[in-house]
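Shown next: start-v1.tsv, given as TSV, C-alpha atoms.
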chain	number	residue	atom	x	y	z
A	506	MET	CA	12.06	-14.68	6.83
A	507	THR	CA	10.05	-17.87	7.42
A	508	ASN	CA	8.49	-20.49	5.18
A	509	ARG	CA	6.37	-21.85	8.00
A	510	ASP	CA	2.63	-21.33	7.87
A	511	TYR	CA	1.82	-18.11	9.70
A	512	TYR	CA	-1.18	-19.65	11.49
A	513	GLU	CA	1.09	-22.47	12.66
A	514	VAL	CA	3.67	-19.98	13.90
A	515	LEU	CA	1.10	-18.23	16.11
A	516	GLY	CA	-0.67	-21.46	17.03
A	517	VAL	CA	-4.13	-20.34	15.84
A	518	GLY	CA	-6.62	-21.66	13.33
A	519	LYS	CA	-7.34	-20.10	9.94
A	520	GLN	CA	-10.68	-18.81	11.20
A	521	ALA	CA	-9.13	-17.08	14.22
A	522	ALA	CA	-10.51	-13.65	15.08
A	523	ALA	CA	-8.29	-10.56	15.25
A	524	GLU	CA	-8.22	-10.54	19.06
A	525	GLU	CA	-7.18	-14.20	19.18
A	526	ILE	CA	-4.32	-13.50	16.77
A	527	LYS	CA	-3.22	-10.48	18.81
A	528	SER	CA	-3.33	-12.47	22.06
A	529	ALA	CA	-1.32	-15.35	20.55
A	530	TYR	CA	1.35	-12.99	19.26
A	531	ARG	CA	1.63	-11.18	22.58
A	532	LYS	CA	2.12	-14.48	24.41
A	533	LEU	CA	4.92	-15.56	22.06
A	534	ALA	CA	6.56	-12.13	22.17
A	535	MET	CA	6.65	-12.29	25.96
A	536	GLN	CA	8.10	-15.80	25.87
A	537	TYR	CA	10.85	-15.12	23.35
A	538	HIS	CA	11.54	-11.47	24.11
A	539	PRO	CA	15.33	-10.84	23.74
A	540	ASP	CA	15.57	-9.08	27.11
A	541	ARG	CA	14.32	-12.28	28.75
A	542	ASN	CA	16.56	-14.48	26.59
A	543	PRO	CA	19.93	-12.74	26.40
A	544	ASP	CA	22.44	-14.30	23.99
A	545	ASN	CA	19.82	-16.79	22.80
A	546	HIS	CA	19.86	-16.59	19.01
A	547	GLU	CA	17.10	-19.17	18.62
A	548	ALA	CA	14.74	-17.19	20.85
A	549	GLU	CA	15.43	-14.03	18.83
A	550	ASN	CA	14.60	-15.88	15.60
A	551	LYS	CA	11.34	-17.14	17.09
A	552	PHE	CA	10.54	-13.61	18.19
A	553	LYS	CA	11.10	-12.29	14.66
A	554	GLU	CA	9.09	-15.16	13.16
A	555	ALA	CA	6.12	-14.40	15.41
A	556	ALA	CA	6.33	-10.69	14.55
A	557	GLU	CA	6.34	-11.45	10.82
A	558	ALA	CA	3.31	-13.72	11.16
A	559	TYR	CA	1.44	-11.15	13.23
A	560	GLU	CA	2.17	-8.33	10.78
A	561	VAL	CA	0.49	-10.26	7.98
A	562	LEU	CA	-2.43	-11.87	9.85
A	563	SER	CA	-3.37	-8.69	11.74
A	564	ASP	CA	-3.88	-6.78	8.49
A	565	THR	CA	-7.12	-7.59	6.65
A	566	ASP	CA	-5.74	-7.06	3.13
A	567	LYS	CA	-2.46	-8.88	3.75
A	568	ARG	CA	-4.27	-11.76	5.43
A	569	ALA	CA	-6.60	-12.13	2.45
A	570	ARG	CA	-3.63	-12.20	0.04
A	571	TYR	CA	-1.83	-14.72	2.22
A	572	ASP	CA	-4.91	-16.98	2.45
A	573	ARG	CA	-5.18	-16.96	-1.33
A	574	PHE	CA	-1.57	-16.99	-2.52
A	575	GLY	CA	0.49	-18.04	0.50
A	576	HIS	CA	3.83	-16.36	1.25
A	577	GLN	CA	4.18	-15.06	-2.31
A	578	GLY	CA	0.99	-13.08	-1.88
A	579	VAL	CA	2.55	-10.79	0.71
A	580	LYS	CA	6.08	-10.40	-0.59
A	581	GLY	CA	7.45	-8.03	-3.27
A	582	GLY	CA	5.63	-6.26	-6.08
A	583	GLY	CA	5.59	-2.89	-4.36
A	584	GLN	CA	3.32	-4.14	-1.60
A	585	ASP	CA	3.65	-3.06	1.99
A	586	TYR	CA	5.32	-6.23	3.28
A	587	HIS	CA	8.21	-5.77	5.71
A	588	ASP	CA	11.25	-7.99	6.00
A	589	PHE	CA	12.67	-7.87	9.53
A	590	ASN	CA	16.44	-7.73	9.41
A	591	ASN	CA	16.87	-7.15	13.12
A	592	VAL	CA	14.92	-6.85	16.34
A	593	ASN	CA	14.95	-3.04	16.10
A	594	ASP	CA	12.59	-3.24	13.12
A	595	ILE	CA	10.08	-5.22	15.16
A	596	PHE	CA	9.99	-2.82	18.08
A	597	SER	CA	9.53	0.14	15.77
A	598	MET	CA	6.33	-1.42	14.46
A	599	PHE	CA	4.80	-3.37	17.36
A	600	SER	CA	5.69	-1.62	20.62
A	601	ASP	CA	2.16	-0.21	20.93
A	602	ILE	CA	0.51	-3.65	20.99
A	603	PHE	CA	1.68	-4.35	24.54
A	604	GLY	CA	0.38	-1.18	26.12
A	605	PHE	CA	3.85	-0.31	27.40
A	606	GLY	CA	7.26	0.17	25.85
A	607	PHE	CA	9.79	-2.62	25.70
A	608	GLY	CA	13.24	-1.54	26.72
A	609	GLY	CA	16.73	-2.62	25.88
A	610	GLN	CA	18.83	-1.55	22.98
A	611	GLN	CA	15.99	-2.55	20.67
A	612	GLN	CA	13.78	0.38	21.64
A	613	GLN	CA	16.13	3.07	20.31
A	614	GLN	CA	18.68	2.39	17.64
A	615	ARG	CA	21.54	4.47	18.91
A	616	ARG	CA	25.30	4.31	18.82
A	617	ARG	CA	28.06	6.52	20.08
A	618	GLY	CA	28.77	9.38	17.74
A	619	ALA	CA	25.49	8.95	15.85
A	620	GLY	CA	22.95	11.75	15.81
A	621	GLU	CA	19.19	11.54	15.85
A	622	PRO	CA	17.81	9.44	12.95
A	623	GLY	CA	15.74	11.29	10.38
A	624	ALA	CA	12.04	10.64	10.04
A	625	ASP	CA	10.34	8.86	7.18
A	626	LEU	CA	7.99	10.80	4.95
A	627	LYS	CA	5.08	9.99	2.69
A	628	VAL	CA	4.39	11.29	-0.82
A	629	ARG	CA	1.09	10.73	-2.61
A	630	MET	CA	1.25	9.99	-6.32
A	631	GLN	CA	-1.85	10.15	-8.51
A	632	LEU	CA	-2.00	7.80	-11.49
A	633	THR	CA	-4.45	7.42	-14.35
A	634	LEU	CA	-5.89	3.98	-15.09
A	635	GLU	CA	-3.83	3.92	-18.27
A	636	GLU	CA	-0.66	4.40	-16.21
A	637	VAL	CA	-1.78	1.71	-13.80
A	638	ALA	CA	-2.40	-0.66	-16.72
A	639	THR	CA	0.98	-0.21	-18.37
A	640	GLY	CA	3.27	0.82	-15.52
A	641	VAL	CA	5.08	4.14	-15.60
A	642	GLU	CA	8.22	5.98	-14.53
A	643	LYS	CA	7.52	9.19	-12.65
A	644	THR	CA	9.74	12.02	-11.50
A	645	ILE	CA	8.80	13.49	-8.14
A	646	LYS	CA	10.16	16.35	-6.06
A	647	ILE	CA	10.60	15.64	-2.37
A	648	LYS	CA	10.82	18.53	0.07
A	649	HIS	CA	12.72	17.34	3.13
A	650	TRP	CA	15.58	17.94	5.53
A	651	THR	CA	18.89	17.37	3.73
A	652	THR	CA	22.44	17.09	5.08
A	653	CYS	CA	24.10	20.46	5.58
A	654	GLU	CA	26.99	20.69	3.11
A	655	PRO	CA	29.23	23.24	4.92
A	656	CYS	CA	29.48	21.08	8.06
A	657	THR	CA	28.77	17.72	6.31
A	658	GLY	CA	26.03	17.03	8.83
A	659	THR	CA	28.06	17.40	12.03
A	660	GLY	CA	26.40	20.66	13.06
A	661	ALA	CA	29.77	22.18	13.92
A	662	ASN	CA	31.80	24.82	12.16
A	663	PRO	CA	34.71	23.18	10.33
A	664	GLY	CA	37.71	22.88	12.68
A	665	SER	CA	35.77	23.84	15.83
A	666	GLY	CA	35.54	20.29	17.20
A	667	THR	CA	33.31	18.75	19.88
A	668	THR	CA	33.49	17.63	23.50
A	669	THR	CA	32.05	14.50	25.12
A	670	CYS	CA	28.59	14.98	26.59
A	671	SER	CA	28.81	14.83	30.38
A	672	THR	CA	25.16	13.82	30.81
A	673	CYS	CA	25.42	10.51	28.95
A	674	ASN	CA	29.22	10.15	28.99
A	675	GLY	CA	29.29	10.05	25.22
A	676	GLN	CA	26.78	7.20	24.87
A	677	GLY	CA	24.03	9.32	23.34
A	678	GLU	CA	21.41	7.61	25.49
A	679	ILE	CA	20.18	7.35	29.05
A	680	ARG	CA	19.29	3.90	30.41
A	681	GLN	CA	16.84	3.18	33.22
A	682	VAL	CA	16.25	-0.30	34.63
A	683	SER	CA	12.78	-1.28	35.87
A	684	ARG	CA	11.16	-4.49	37.01
A	685	SER	CA	7.67	-5.85	36.41
A	686	MET	CA	5.79	-9.14	36.58
A	687	PHE	CA	7.32	-9.99	33.21
A	688	GLY	CA	10.88	-9.57	34.40
A	689	GLN	CA	13.51	-6.88	34.07
A	690	PHE	CA	13.19	-4.21	31.40
A	691	ILE	CA	15.67	-1.59	30.34
A	692	ASN	CA	14.22	1.67	29.11
A	693	VAL	CA	16.50	3.56	26.75
A	694	ALA	CA	15.89	7.25	26.04
A	695	VAL	CA	17.76	9.70	23.87
A	696	CYS	CA	20.01	12.02	25.78
A	697	THR	CA	18.29	15.40	25.63
A	698	THR	CA	21.53	17.28	26.24
A	699	CYS	CA	23.37	16.11	23.12
A	700	GLY	CA	20.38	14.91	21.07
A	701	GLY	CA	21.79	11.39	20.86
A	702	SER	CA	25.16	12.25	19.36
A	703	GLY	CA	27.15	11.79	22.56
A	704	GLU	CA	29.01	15.02	21.82
A	705	ILE	CA	28.57	18.72	22.50
A	706	ILE	CA	29.40	21.13	19.68
A	707	LYS	CA	31.86	23.88	20.58
A	708	GLU	CA	30.85	26.19	17.73
A	709	LYS	CA	27.57	25.66	15.86
A	710	CYS	CA	27.56	25.72	12.08
A	711	THR	CA	26.16	29.05	10.93
A	712	ALA	CA	24.44	27.50	7.91
A	713	CYS	CA	22.32	25.02	9.87
A	714	GLU	CA	22.60	26.50	13.40
A	715	GLY	CA	23.98	23.24	14.75
A	716	GLU	CA	21.25	20.99	13.31
A	717	GLY	CA	23.48	19.34	10.74
A	718	ARG	CA	20.69	19.60	8.22
A	719	VAL	CA	18.78	22.20	6.23
A	720	GLN	CA	15.51	22.35	4.31
A	721	GLY	CA	15.99	21.21	0.72
A	722	GLU	CA	14.40	19.54	-2.29
A	723	THR	CA	15.43	16.37	-4.11
A	724	THR	CA	14.25	15.07	-7.49
A	725	VAL	CA	13.71	11.31	-7.60
A	726	LYS	CA	12.67	8.94	-10.39
A	727	VAL	CA	10.25	6.21	-9.31
A	728	THR	CA	9.30	3.18	-11.41
A	729	ILE	CA	5.70	2.14	-10.80
A	730	PRO	CA	4.88	-1.46	-11.81
A	731	ALA	CA	1.69	-2.22	-13.71
A	732	GLY	CA	-1.26	-3.37	-11.62
A	733	VAL	CA	-0.91	-1.19	-8.53
A	734	ARG	CA	-3.98	0.20	-6.83
A	735	THR	CA	-4.92	2.94	-4.37
A	736	GLY	CA	-3.24	2.28	-1.04
A	737	ASN	CA	-0.19	0.44	-2.41
A	738	TYR	CA	3.12	2.14	-1.76
A	739	LEU	CA	6.73	1.88	-2.78
A	740	THR	CA	9.71	2.56	-0.56
A	741	VAL	CA	12.44	4.90	-1.76
A	742	SER	CA	15.29	4.21	0.63
A	743	GLY	CA	17.30	7.08	2.02
A	744	LYS	CA	15.08	9.82	0.58
A	745	GLY	CA	13.31	10.75	3.80
A	746	HIS	CA	14.46	13.42	6.24
A	747	ALA	CA	18.16	13.63	7.06
A	748	GLY	CA	18.93	13.04	10.72
A	749	ARG	CA	20.21	15.68	13.11
A	750	ARG	CA	23.97	15.94	13.51
A	751	GLY	CA	24.89	13.06	11.23
A	752	GLY	CA	21.99	10.79	12.13
A	753	SER	CA	20.78	8.25	9.56
A	754	THR	CA	18.38	9.37	6.82
A	755	GLY	CA	14.81	8.11	6.80
A	756	ASP	CA	12.94	6.64	3.85
A	757	ALA	CA	10.29	8.08	1.54
A	758	TYR	CA	7.08	6.15	0.96
A	759	VAL	CA	5.27	6.81	-2.30
A	760	GLU	CA	1.59	6.05	-1.81
A	761	ILE	CA	-0.48	5.31	-4.91
A	762	GLU	CA	-3.78	7.06	-5.53
A	763	GLU	CA	-5.86	6.32	-8.65
A	764	LYS	CA	-7.58	9.16	-10.46
A	765	ASP	CA	-11.23	8.79	-11.40
A	766	HIS	CA	-11.64	7.93	-15.08
A	767	ASP	CA	-14.18	9.46	-17.46
A	768	LEU	CA	-14.86	6.17	-19.29
A	769	PHE	CA	-13.82	3.23	-17.11
A	770	ALA	CA	-14.61	1.96	-13.63
A	771	ARG	CA	-12.23	-0.47	-11.92
A	772	ASP	CA	-13.30	-3.52	-9.92
A	773	GLU	CA	-10.26	-5.45	-8.67
A	774	ASP	CA	-8.33	-6.08	-11.92
A	775	ASN	CA	-11.38	-5.86	-14.18
A	776	VAL	CA	-12.65	-2.66	-15.79
A	777	TYR	CA	-16.17	-1.74	-16.88
A	778	PHE	CA	-17.24	0.40	-19.79
A	779	ASP	CA	-20.80	1.51	-20.60
A	780	LEU	CA	-21.70	1.21	-24.30
A	781	THR	CA	-24.91	2.72	-25.66
A	782	VAL	CA	-26.03	1.77	-29.19
A	783	ASP	CA	-29.02	2.61	-31.36
A	784	ILE	CA	-32.01	0.33	-31.76
A	785	ALA	CA	-30.96	-0.83	-35.23
A	786	THR	CA	-27.51	-1.97	-34.06
A	787	ALA	CA	-28.99	-3.76	-31.07
A	788	ALA	CA	-31.45	-5.60	-33.31
A	789	LEU	CA	-29.21	-6.32	-36.30
A	790	GLY	CA	-25.81	-6.62	-34.60
A	791	GLY	CA	-22.54	-5.45	-36.09
A	792	GLU	CA	-19.01	-4.39	-35.27
A	793	LEU	CA	-18.19	-1.31	-33.22
A	794	GLU	CA	-14.92	0.30	-32.16
A	795	VAL	CA	-14.69	0.33	-28.36
A	796	PRO	CA	-12.07	2.16	-26.27
A	797	THR	CA	-9.86	0.17	-23.89
A	798	LEU	CA	-6.96	1.09	-21.62
A	799	TYR	CA	-4.65	0.01	-24.45
A	800	GLY	CA	-6.33	1.81	-27.36
A	801	THR	CA	-9.46	1.11	-29.40
A	802	THR	CA	-10.47	-2.37	-30.49
A	803	VAL	CA	-13.35	-3.87	-32.47
A	804	LEU	CA	-16.21	-5.48	-30.53
A	805	ASN	CA	-18.67	-7.79	-32.25
A	806	ILE	CA	-22.30	-7.11	-31.29
A	807	GLU	CA	-24.57	-10.08	-31.87
A	808	SER	CA	-28.03	-9.45	-33.28
A	809	GLY	CA	-30.69	-9.20	-30.62
A	810	THR	CA	-28.28	-8.27	-27.80
A	811	GLN	CA	-30.43	-7.15	-24.90
A	812	PRO	CA	-29.96	-4.07	-22.70
A	813	GLY	CA	-28.07	-4.96	-19.52
A	814	THR	CA	-25.96	-7.63	-21.23
A	815	LEU	CA	-22.31	-7.78	-20.15
A	816	LEU	CA	-19.92	-8.42	-23.02
A	817	ARG	CA	-16.47	-9.66	-22.01
A	818	MET	CA	-13.25	-8.50	-23.64
A	819	LYS	CA	-10.57	-10.90	-22.41
A	820	ASP	CA	-7.24	-9.54	-21.13
A	821	LYS	CA	-8.24	-5.90	-21.62
A	822	GLY	CA	-8.25	-5.14	-17.90
A	823	ILE	CA	-5.52	-4.40	-15.35
A	824	PRO	CA	-2.42	-6.64	-15.12
A	825	HIS	CA	-2.23	-8.81	-11.99
A	826	LEU	CA	0.37	-7.26	-9.71
A	827	GLN	CA	1.79	-10.46	-8.25
A	828	SER	CA	1.16	-12.94	-11.02
A	829	ARG	CA	0.95	-13.19	-14.77
A	830	GLY	CA	-2.07	-12.29	-16.83
A	831	LYS	CA	-4.60	-9.49	-16.80
A	832	GLY	CA	-8.15	-8.87	-15.79
A	833	ASP	CA	-10.89	-8.39	-18.37
A	834	GLN	CA	-12.88	-5.48	-19.68
A	835	PHE	CA	-16.64	-5.83	-19.41
A	836	VAL	CA	-18.88	-3.80	-21.68
A	837	ARG	CA	-22.28	-2.98	-20.17
A	838	PHE	CA	-24.74	-2.85	-23.04
A	839	SER	CA	-27.59	-0.34	-23.22
A	840	VAL	CA	-29.88	0.88	-26.02
A	841	PHE	CA	-30.59	4.50	-26.89
A	842	ILE	CA	-34.31	5.28	-27.05
A	843	PRO	CA	-35.00	8.53	-28.90
A	844	LYS	CA	-37.42	11.00	-27.33
A	845	ALA	CA	-38.03	13.25	-30.34
A	846	LEU	CA	-39.12	11.73	-33.68
A	847	ASN	CA	-40.27	13.32	-36.92
A	848	SER	CA	-43.40	12.10	-38.65
A	849	LYS	CA	-41.53	9.76	-41.00
A	850	GLU	CA	-39.64	8.12	-38.14
A	851	LYS	CA	-42.84	7.69	-36.16
A	852	GLN	CA	-44.57	6.03	-39.08
A	853	THR	CA	-41.60	3.71	-39.63
A	854	LEU	CA	-41.74	2.55	-36.02
A	855	LYS	CA	-45.51	2.06	-36.24
A	856	ASP	CA	-45.03	-0.12	-39.27
A	857	LEU	CA	-42.30	-2.12	-37.55
A	858	ALA	CA	-44.46	-2.55	-34.48
A	859	LYS	CA	-46.93	-4.54	-36.57
A	860	GLY	CA	-44.28	-7.21	-37.22
A	861	GLU	CA	-44.34	-10.41	-35.18
A	862	HIS	CA	-40.74	-10.04	-34.03
A	863	PHE	CA	-41.27	-6.62	-32.45
A	864	HIS	CA	-43.29	-7.93	-29.51
A	865	PRO	CA	-42.10	-10.00	-26.51
A	866	LYS	CA	-43.10	-13.63	-26.66
A	867	LYS	CA	-45.68	-15.04	-24.29
A	868	GLY	CA	-44.17	-15.64	-20.86
A	869	HIS	CA	-41.33	-13.17	-21.45
A	870	LYS	CA	-40.30	-11.55	-18.15
A	871	ASN	CA	-40.12	-7.92	-19.21
A	872	SER	CA	-41.31	-6.30	-16.01
A	873	PHE	CA	-38.85	-5.17	-13.33
A	874	PHE	CA	-41.17	-6.43	-10.63
A	875	GLU	CA	-41.61	-9.75	-12.41
A	876	LYS	CA	-37.82	-10.16	-12.55
A	877	MET	CA	-37.46	-9.29	-8.85
A	878	LYS	CA	-40.21	-11.74	-7.97
A	879	GLU	CA	-38.50	-14.45	-10.00
A	880	ALA	CA	-35.09	-13.73	-8.42
A	881	PHE	CA	-36.36	-14.06	-4.84
A	882	SER	CA	-38.81	-16.90	-5.37
Spell out the structure here as structure tokens.
Amino acid sequence: MTNRDYYEVLGVGKQAAAEEIKSAYRKLAMQYHPDRNPDNHEAENKFKEAAEAYEVLSDTDKRARYDRFGHQGVKGGGQDYHDFNNVNDIFSMFSDIFGFGFGGQQQQQRRRGAGEPGADLKVRMQLTLEEVATGVEKTIKIKHWTTCEPCTGTGANPGSGTTTCSTCNGQGEIRQVSRSMFGQFINVAVCTTCGGSGEIIKEKCTACEGEGRVQGETTVKVTIPAGVRTGNYLTVSGKGHAGRRGGSTGDAYVEIEEKDHDLFARDEDNVYFDLTVDIATAALGGELEVPTLYGTTVLNIESGTQPGTLLRMKDKGIPHLQSRGKGDQFVRFSVFIPKALNSKEKQTLKDLAKGEHFHPKKGHKNSFFEKMKEAFS
């Protein structure tokens, strides 16, 4: 919504603590709250702008992405950024921050003739690192409430009709006005008699017993972009639970979960692979085939490569989700030391041990404690 700096919007510094950010947002929300500024479009925009800034800066991960990449770091790419299209969206996400519910039409999105909105649902999707690296299209089955076909979601038997609810006079909601130190607030609650539809069914549909929805299953194809990680999610609009009696359908959120890999470990967009070689290869060097997320590739081992060395394979890691390029693959180098030797092998090693190049040079830090002492000195 806004191109202004989020810290500027809330009037806090970049080092502001979470409580300071929360306090600044609450102050602005009180000032520009639509119930206190009726018919003031500018105040509503400022209210939305403050909510957008708070959503990003109050979340540790989003704030880190914003600090590094700016607005582009928290928009698109399957991330959990929200774009507020109206004030209703804001109240659905932030009403708990104030310790009491804001009122007005923003608290419940209702209209005459509309039933109770359906709930959102969450589906977990497990991906391998290979799927994360390349992106993938998945087919998932969602079990949810679906619109009843015989009554088309009305909850009434075809031709039976409805009557206006006498409790809410067809509005679908009950309004209560209250006053506080912050001004006048209007609390809006769903009419419990008609369930928010504003109408009473004369004859309930036998298929759904008046609910307007039934339990069902839907198959959905989801395209997962390369570079996602555990905790990211994608929104599949309109695939949540169907609402009661013609209410709007919720959304489905597909949450990503990475499977553990037998060969690779992920760190941000880099991956690590442990490679163990024999003594001869470590000493003489050579070329070895090494697995990557994109197939095998040849890695050049320099002669004398020491155990613990990290060898970098550029662009063999995970693609960056919100920018071009990839991470790297790092190969952790270790040497296999045999425990069982035959007599010939033992004699060969004894002969090699007599050579001048098979002993550490004077001053060589080969002790763990010597290395630790050197690191902290």
If you count only C-alpha atoms, which residues fall within 12 Å of Arg509 (chain A), apart from same-chain ones fewer than 2 positions away, as a tab-separated table (two decimals) with C-alpha atoms, in the frame of the given file?
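Saved as out_26.tsv:
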chain	number	residue	atom	x	y	z
A	506	MET	CA	12.06	-14.68	6.83
A	507	THR	CA	10.05	-17.87	7.42
A	511	TYR	CA	1.82	-18.11	9.70
A	512	TYR	CA	-1.18	-19.65	11.49
A	513	GLU	CA	1.09	-22.47	12.66
A	514	VAL	CA	3.67	-19.98	13.90
A	515	LEU	CA	1.10	-18.23	16.11
A	516	GLY	CA	-0.67	-21.46	17.03
A	551	LYS	CA	11.34	-17.14	17.09
A	554	GLU	CA	9.09	-15.16	13.16
A	555	ALA	CA	6.12	-14.40	15.41
A	557	GLU	CA	6.34	-11.45	10.82
A	558	ALA	CA	3.31	-13.72	11.16
A	575	GLY	CA	0.49	-18.04	0.50
A	576	HIS	CA	3.83	-16.36	1.25
For CA of Thr652 (chain A) and CA of Asp625 (chain A), the interatomic separation in Å (one decimal):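 CA of Asp625 (chain A) lies 14.8 Å from CA of Thr652 (chain A).
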What's the separation between CA of Asp833 (chain A) and CA of Pro796 (chain A), in Å to one decimal place?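 Taking CA of Asp833 (chain A) as the start and CA of Pro796 (chain A) as the end point, the length is 13.2 Å.
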Enter the distance from CA of Glu762 (chain A) to CA of Gln577 (chain A), in Å, rounded to one decimal.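 Spanning CA of Glu762 (chain A) to CA of Gln577 (chain A) is a straight-line distance of 23.7 Å.
The smallest atom-to-atom distance between Ile729 (chain A) and any of A:Ser742, A:Asn775, A:Asn847, A:Thr644, using all atoms listed in the file, is found for A:Thr644.
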When you count only C-alpha atoms, which of these residues is closest to Thr723 (chain A): A:Val840, A:Ile647, A:Leu816, A:Val803?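 Of the candidates, the smallest distance to Thr723 (chain A) is held by A:Ile647.
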May I ask which of the residues A:Thr633, A:Thr711, A:Thr657, A:Gln536 is the closest one to Ile761 (chain A), counting only C-alpha atoms?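 That would be A:Thr633, the residue with the smallest distance to Ile761 (chain A).
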Can you pull out the residues contacting Thr814 (chain A)? Cut-off 9 Å, using only C-alpha atoms, and skip same-chain residues under 3 positions away; I want them as a PDB file with C-alpha atoms, in the frame of the given file.
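Everything below was put into out_37.pdb:
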ATOM      1  CA  THR A 810     -28.280  -8.270 -27.800  1.00  0.00           C
ATOM      2  CA  GLN A 811     -30.430  -7.150 -24.900  1.00  0.00           C
ATOM      3  CA  VAL A 836     -18.880  -3.800 -21.680  1.00  0.00           C
ATOM      4  CA  ARG A 837     -22.280  -2.980 -20.170  1.00  0.00           C
ATOM      5  CA  PHE A 838     -24.740  -2.850 -23.040  1.00  0.00           C
ATOM      6  CA  SER A 839     -27.590  -0.340 -23.220  1.00  0.00           C
TER       7      SER A 839
END
Which residues are close to region 665-680 of chain A, i.e. within 7 Å by only C-alpha atoms, leaving aside same-chain residues fewer than 5 positions away? Reply as a PyMOL selection string. chain A and resi 616-617+691-696+698-699+701-708
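Minimum atom-to-atom distances from A:Gly743, A:Gly660, A:Gly736, A:Gly800 to Val759 (chain A) were compared using only C-alpha atoms, and the lowest value belongs to A:Gly736.
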